[in-house]
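Engineer: I am sharing protein-v4.cif, which consists of mmCIF, N, CA and C atoms:
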data_query
#
loop_
_atom_site.label_atom_id
_atom_site.label_comp_id
_atom_site.auth_asym_id
_atom_site.auth_seq_id
_atom_site.Cartn_x
_atom_site.Cartn_y
_atom_site.Cartn_z
N MET A 1 -9.77 9.44 29.89
CA MET A 1 -10.39 10.36 28.97
C MET A 1 -9.35 11.24 28.29
N ALA A 2 -8.43 11.77 29.07
CA ALA A 2 -7.39 12.64 28.51
C ALA A 2 -6.51 11.88 27.55
N LYS A 3 -6.21 10.63 27.89
CA LYS A 3 -5.37 9.84 27.00
C LYS A 3 -6.05 9.61 25.66
N SER A 4 -7.31 9.32 25.68
CA SER A 4 -7.99 9.06 24.42
C SER A 4 -8.05 10.31 23.55
N LYS A 5 -8.17 11.48 24.17
CA LYS A 5 -8.17 12.72 23.39
C LYS A 5 -6.79 12.95 22.79
N LEU A 6 -5.74 12.65 23.54
CA LEU A 6 -4.38 12.78 23.01
C LEU A 6 -4.14 11.81 21.86
N VAL A 7 -4.62 10.60 22.03
CA VAL A 7 -4.46 9.59 20.99
C VAL A 7 -5.21 10.01 19.74
N GLU A 8 -6.43 10.49 19.90
CA GLU A 8 -7.22 10.94 18.75
C GLU A 8 -6.54 12.11 18.04
N THR A 9 -6.04 13.05 18.83
CA THR A 9 -5.36 14.21 18.25
C THR A 9 -4.10 13.78 17.50
N ASN A 10 -3.34 12.89 18.09
CA ASN A 10 -2.13 12.40 17.43
C ASN A 10 -2.45 11.67 16.13
N GLU A 11 -3.53 10.89 16.14
CA GLU A 11 -3.93 10.19 14.93
C GLU A 11 -4.36 11.17 13.84
N LYS A 12 -5.07 12.23 14.21
CA LYS A 12 -5.47 13.24 13.24
C LYS A 12 -4.25 13.94 12.64
N ILE A 13 -3.29 14.27 13.50
CA ILE A 13 -2.06 14.92 13.03
C ILE A 13 -1.29 13.99 12.10
N ALA A 14 -1.18 12.74 12.50
CA ALA A 14 -0.45 11.77 11.67
C ALA A 14 -1.13 11.61 10.31
N LYS A 15 -2.44 11.54 10.29
CA LYS A 15 -3.16 11.40 9.01
C LYS A 15 -2.93 12.62 8.13
N LYS A 16 -2.97 13.80 8.72
CA LYS A 16 -2.77 15.04 7.96
C LYS A 16 -1.35 15.08 7.39
N VAL A 17 -0.36 14.69 8.19
CA VAL A 17 1.03 14.68 7.73
C VAL A 17 1.21 13.70 6.58
N VAL A 18 0.66 12.52 6.72
CA VAL A 18 0.79 11.50 5.67
C VAL A 18 0.08 11.95 4.39
N ASP A 19 -1.10 12.51 4.52
CA ASP A 19 -1.83 12.99 3.34
C ASP A 19 -1.07 14.12 2.64
N THR A 20 -0.51 15.03 3.41
CA THR A 20 0.26 16.13 2.83
C THR A 20 1.50 15.61 2.13
N TYR A 21 2.19 14.69 2.76
CA TYR A 21 3.38 14.10 2.14
C TYR A 21 3.02 13.41 0.83
N GLN A 22 1.91 12.69 0.81
CA GLN A 22 1.48 11.98 -0.40
C GLN A 22 1.19 12.96 -1.53
N LYS A 23 0.56 14.08 -1.22
CA LYS A 23 0.28 15.09 -2.24
C LYS A 23 1.57 15.66 -2.81
N ILE A 24 2.52 15.95 -1.92
CA ILE A 24 3.81 16.50 -2.37
C ILE A 24 4.53 15.48 -3.24
N GLU A 25 4.55 14.23 -2.81
CA GLU A 25 5.21 13.17 -3.57
C GLU A 25 4.58 13.02 -4.96
N ASP A 26 3.26 13.00 -5.02
CA ASP A 26 2.58 12.87 -6.31
C ASP A 26 2.91 14.04 -7.23
N THR A 27 2.98 15.24 -6.68
CA THR A 27 3.30 16.42 -7.48
C THR A 27 4.71 16.34 -8.03
N VAL A 28 5.66 15.95 -7.19
CA VAL A 28 7.06 15.88 -7.61
C VAL A 28 7.25 14.79 -8.66
N VAL A 29 6.69 13.63 -8.42
CA VAL A 29 6.83 12.52 -9.38
C VAL A 29 6.15 12.87 -10.69
N GLY A 30 4.99 13.49 -10.63
CA GLY A 30 4.29 13.89 -11.84
C GLY A 30 5.09 14.90 -12.65
N GLY A 31 5.69 15.87 -11.97
CA GLY A 31 6.52 16.86 -12.65
C GLY A 31 7.74 16.23 -13.29
N TYR A 32 8.38 15.31 -12.57
CA TYR A 32 9.55 14.63 -13.12
C TYR A 32 9.17 13.81 -14.36
N THR A 33 8.04 13.13 -14.28
CA THR A 33 7.60 12.31 -15.41
C THR A 33 7.36 13.17 -16.64
N LYS A 34 6.78 14.35 -16.46
CA LYS A 34 6.55 15.25 -17.60
C LYS A 34 7.88 15.68 -18.22
N ILE A 35 8.85 16.03 -17.37
CA ILE A 35 10.15 16.45 -17.87
C ILE A 35 10.84 15.29 -18.59
N GLU A 36 10.78 14.10 -18.00
CA GLU A 36 11.41 12.92 -18.60
C GLU A 36 10.79 12.61 -19.96
N ASP A 37 9.46 12.65 -20.04
CA ASP A 37 8.78 12.38 -21.31
C ASP A 37 9.16 13.40 -22.37
N ALA A 38 9.25 14.66 -21.98
CA ALA A 38 9.62 15.71 -22.94
C ALA A 38 11.05 15.49 -23.44
N PHE A 39 11.96 15.12 -22.54
CA PHE A 39 13.35 14.87 -22.94
C PHE A 39 13.44 13.67 -23.88
N VAL A 40 12.78 12.59 -23.53
CA VAL A 40 12.80 11.39 -24.38
C VAL A 40 12.19 11.72 -25.74
N ASP A 41 11.09 12.44 -25.74
CA ASP A 41 10.43 12.80 -26.99
C ASP A 41 11.33 13.65 -27.88
N ARG A 42 12.02 14.60 -27.28
CA ARG A 42 12.82 15.54 -28.05
C ARG A 42 14.15 14.94 -28.52
N TYR A 43 14.81 14.15 -27.66
CA TYR A 43 16.19 13.76 -27.96
C TYR A 43 16.42 12.26 -28.20
N LEU A 44 15.54 11.39 -27.73
CA LEU A 44 15.85 9.97 -27.76
C LEU A 44 14.94 9.12 -28.63
N THR A 45 13.86 9.68 -29.17
CA THR A 45 12.99 8.88 -30.02
C THR A 45 13.56 8.80 -31.42
N LYS A 46 13.31 7.67 -32.02
CA LYS A 46 13.70 7.50 -33.42
C LYS A 46 12.49 7.81 -34.29
N GLU A 47 12.67 7.84 -35.58
CA GLU A 47 11.61 8.20 -36.52
C GLU A 47 10.37 7.32 -36.33
N GLY A 48 9.23 7.96 -36.08
CA GLY A 48 7.96 7.25 -35.97
C GLY A 48 7.77 6.49 -34.66
N GLU A 49 8.61 6.72 -33.68
CA GLU A 49 8.55 5.98 -32.43
C GLU A 49 7.87 6.85 -31.35
N SER A 50 7.00 6.24 -30.57
CA SER A 50 6.35 6.99 -29.49
C SER A 50 7.28 7.06 -28.28
N VAL A 51 6.91 7.89 -27.33
CA VAL A 51 7.71 8.04 -26.12
C VAL A 51 7.77 6.72 -25.35
N GLU A 52 6.65 6.03 -25.23
CA GLU A 52 6.61 4.76 -24.51
C GLU A 52 7.49 3.72 -25.19
N GLU A 53 7.43 3.67 -26.51
CA GLU A 53 8.26 2.73 -27.26
C GLU A 53 9.74 3.06 -27.08
N ALA A 54 10.07 4.33 -27.08
CA ALA A 54 11.46 4.74 -26.90
C ALA A 54 11.95 4.37 -25.51
N LYS A 55 11.13 4.57 -24.49
CA LYS A 55 11.52 4.19 -23.14
C LYS A 55 11.74 2.69 -23.03
N ALA A 56 10.86 1.90 -23.65
CA ALA A 56 11.00 0.45 -23.61
C ALA A 56 12.28 0.03 -24.34
N ARG A 57 12.55 0.65 -25.48
CA ARG A 57 13.77 0.33 -26.24
C ARG A 57 15.01 0.68 -25.42
N LEU A 58 15.02 1.84 -24.81
CA LEU A 58 16.16 2.26 -24.01
C LEU A 58 16.38 1.32 -22.82
N LYS A 59 15.29 0.87 -22.21
CA LYS A 59 15.40 -0.06 -21.09
C LYS A 59 15.98 -1.40 -21.55
N ARG A 60 15.53 -1.89 -22.72
CA ARG A 60 16.09 -3.14 -23.26
C ARG A 60 17.57 -2.99 -23.56
N GLU A 61 17.95 -1.86 -24.16
CA GLU A 61 19.36 -1.62 -24.48
C GLU A 61 20.20 -1.55 -23.20
N GLN A 62 19.67 -0.91 -22.16
CA GLN A 62 20.39 -0.81 -20.91
C GLN A 62 20.56 -2.20 -20.27
N ASN A 63 19.52 -3.02 -20.31
CA ASN A 63 19.61 -4.37 -19.75
C ASN A 63 20.59 -5.23 -20.54
N ALA A 64 20.66 -5.03 -21.84
CA ALA A 64 21.58 -5.82 -22.68
C ALA A 64 23.03 -5.47 -22.34
N ARG A 65 23.30 -4.23 -21.94
CA ARG A 65 24.66 -3.82 -21.60
C ARG A 65 25.13 -4.39 -20.27
N GLN A 66 24.20 -4.74 -19.42
CA GLN A 66 24.59 -5.23 -18.08
C GLN A 66 24.89 -6.67 -18.04
#
Can the structure from this file be put into structure tokens for me?
Structural biologist:
Amino acid sequence: MAKSKLVETNEKIAKKVVDTYQKIEDTVVGGYTKIEDAFVDRYLTKEGESVEEAKARLKREQNARQ
């Protein structure tokens, strides 16, 4: 009985830790993506080009250099 309570408690703690980590990761990645999009929009887009198109173009240019 005591073991099962310990196992249940450990599983609850593990789930809480994983959920919290996932929230933090999503927040950090989301913030980085916003900053990256703003930088690409401001400095790397060409006339009439969207942010997504600029990112795709930059990726193609980077692959061509390698």
Engineer: In chain A, what's alpha helix (DSSP H) per DSSP? Answer as an NGL selection string?
Structural biologist: :A and (2-39 or 51-65)
Engineer: Just the number, please: distance in Å from atom C of Asn63 in chain A to atom N of Gly30 in chain A, one decimal.
Structural biologist: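 Between atom C of Asn63 in chain A and atom N of Gly30 in chain A the gap is 26.3 Å.
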Engineer: So how many Å separate CA of Lys5 in chain A and CA of Gln22 in chain A, to one decimal?
Structural biologist: 25.7 Å
Engineer: In Å, with one decimal, what is the gap from CA of Glu36 in chain A to CA of Tyr21 in chain A?
Structural biologist: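 Spanning CA of Glu36 in chain A to CA of Tyr21 in chain A is a straight-line distance of 22.3 Å.
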Engineer: Would you list the contacts of range 37-40 of chain A as number ranges by chain, taking every protein, DNA or RNA residue within 7 Å and counting only N, CA and C atoms, but skipping same-chain residues closer than 5 positions in sequence?
Structural biologist: A: 32, 45, 51
Engineer: Could you extract chain A of the given structure into a file holding C-alpha atoms, as an mmCIF file, in the first residue's frame?
Structural biologist:
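See result02.cif below for the written result:
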data_model
loop_
_atom_site.group_PDB
_atom_site.id
_atom_site.type_symbol
_atom_site.label_atom_id
_atom_site.label_comp_id
_atom_site.auth_asym_id
_atom_site.auth_seq_id
_atom_site.Cartn_x
_atom_site.Cartn_y
_atom_site.Cartn_z
ATOM 1 C CA MET A 1 0.000 0.000 0.000
ATOM 2 C CA ALA A 2 2.752 2.447 0.924
ATOM 3 C CA LYS A 3 4.636 1.684 -2.253
ATOM 4 C CA SER A 4 1.653 2.397 -4.437
ATOM 5 C CA LYS A 5 1.114 5.749 -2.710
ATOM 6 C CA LEU A 6 4.771 6.623 -3.289
ATOM 7 C CA VAL A 7 4.521 5.588 -6.915
ATOM 8 C CA GLU A 8 1.350 7.629 -7.398
ATOM 9 C CA THR A 9 2.919 10.656 -5.737
ATOM 10 C CA ASN A 10 6.057 10.357 -7.855
ATOM 11 C CA GLU A 11 3.970 10.092 -11.015
ATOM 12 C CA LYS A 12 2.004 13.220 -10.053
ATOM 13 C CA ILE A 13 5.234 15.119 -9.391
ATOM 14 C CA ALA A 14 6.753 13.934 -12.654
ATOM 15 C CA LYS A 15 3.660 14.992 -14.610
ATOM 16 C CA LYS A 16 3.670 18.433 -12.965
ATOM 17 C CA VAL A 17 7.389 18.903 -13.721
ATOM 18 C CA VAL A 18 6.971 17.873 -17.356
ATOM 19 C CA ASP A 19 3.913 20.099 -17.818
ATOM 20 C CA THR A 20 5.714 23.074 -16.273
ATOM 21 C CA TYR A 21 8.776 22.503 -18.434
ATOM 22 C CA GLN A 22 6.590 22.321 -21.550
ATOM 23 C CA LYS A 23 4.923 25.641 -20.692
ATOM 24 C CA ILE A 24 8.308 27.306 -20.168
ATOM 25 C CA GLU A 25 9.652 25.862 -23.419
ATOM 26 C CA ASP A 26 6.608 27.028 -25.386
ATOM 27 C CA THR A 27 6.929 30.530 -23.926
ATOM 28 C CA VAL A 28 10.639 30.793 -24.730
ATOM 29 C CA VAL A 29 10.291 29.446 -28.266
ATOM 30 C CA GLY A 30 7.294 31.688 -28.919
ATOM 31 C CA GLY A 31 9.197 34.752 -27.718
ATOM 32 C CA TYR A 32 12.220 33.877 -29.841
ATOM 33 C CA THR A 33 10.032 33.372 -32.903
ATOM 34 C CA LYS A 34 8.469 36.819 -32.432
ATOM 35 C CA ILE A 35 11.902 38.436 -32.161
ATOM 36 C CA GLU A 36 13.197 36.503 -35.181
ATOM 37 C CA ASP A 37 10.180 37.477 -37.296
ATOM 38 C CA ALA A 38 10.554 41.139 -36.332
ATOM 39 C CA PHE A 39 14.264 41.090 -37.234
ATOM 40 C CA VAL A 40 13.663 39.387 -40.581
ATOM 41 C CA ASP A 41 10.813 41.778 -41.336
ATOM 42 C CA ARG A 42 12.835 44.864 -40.485
ATOM 43 C CA TYR A 43 16.256 44.010 -41.929
ATOM 44 C CA LEU A 44 16.159 41.026 -44.296
ATOM 45 C CA THR A 45 13.015 41.273 -46.426
ATOM 46 C CA LYS A 46 13.207 42.595 -49.918
ATOM 47 C CA GLU A 47 10.590 44.833 -51.536
ATOM 48 C CA GLY A 48 7.138 43.207 -51.433
ATOM 49 C CA GLU A 49 8.389 40.033 -49.743
ATOM 50 C CA SER A 50 6.672 38.510 -46.705
ATOM 51 C CA VAL A 51 8.537 37.278 -43.646
ATOM 52 C CA GLU A 52 7.900 33.635 -44.575
ATOM 53 C CA GLU A 53 9.163 34.190 -48.112
ATOM 54 C CA ALA A 54 12.266 35.936 -46.786
ATOM 55 C CA LYS A 55 12.991 33.064 -44.395
ATOM 56 C CA ALA A 56 12.602 30.534 -47.218
ATOM 57 C CA ARG A 57 14.881 32.598 -49.478
ATOM 58 C CA LEU A 58 17.510 32.919 -46.761
ATOM 59 C CA LYS A 59 17.382 29.174 -46.109
ATOM 60 C CA ARG A 60 17.852 28.435 -49.845
ATOM 61 C CA GLU A 61 20.786 30.860 -50.012
ATOM 62 C CA GLN A 62 22.362 29.268 -46.939
ATOM 63 C CA ASN A 63 21.983 25.758 -48.412
ATOM 64 C CA ALA A 64 23.499 26.920 -51.716
ATOM 65 C CA ARG A 65 26.603 28.154 -49.858
ATOM 66 C CA GLN A 66 27.209 24.796 -48.214
#
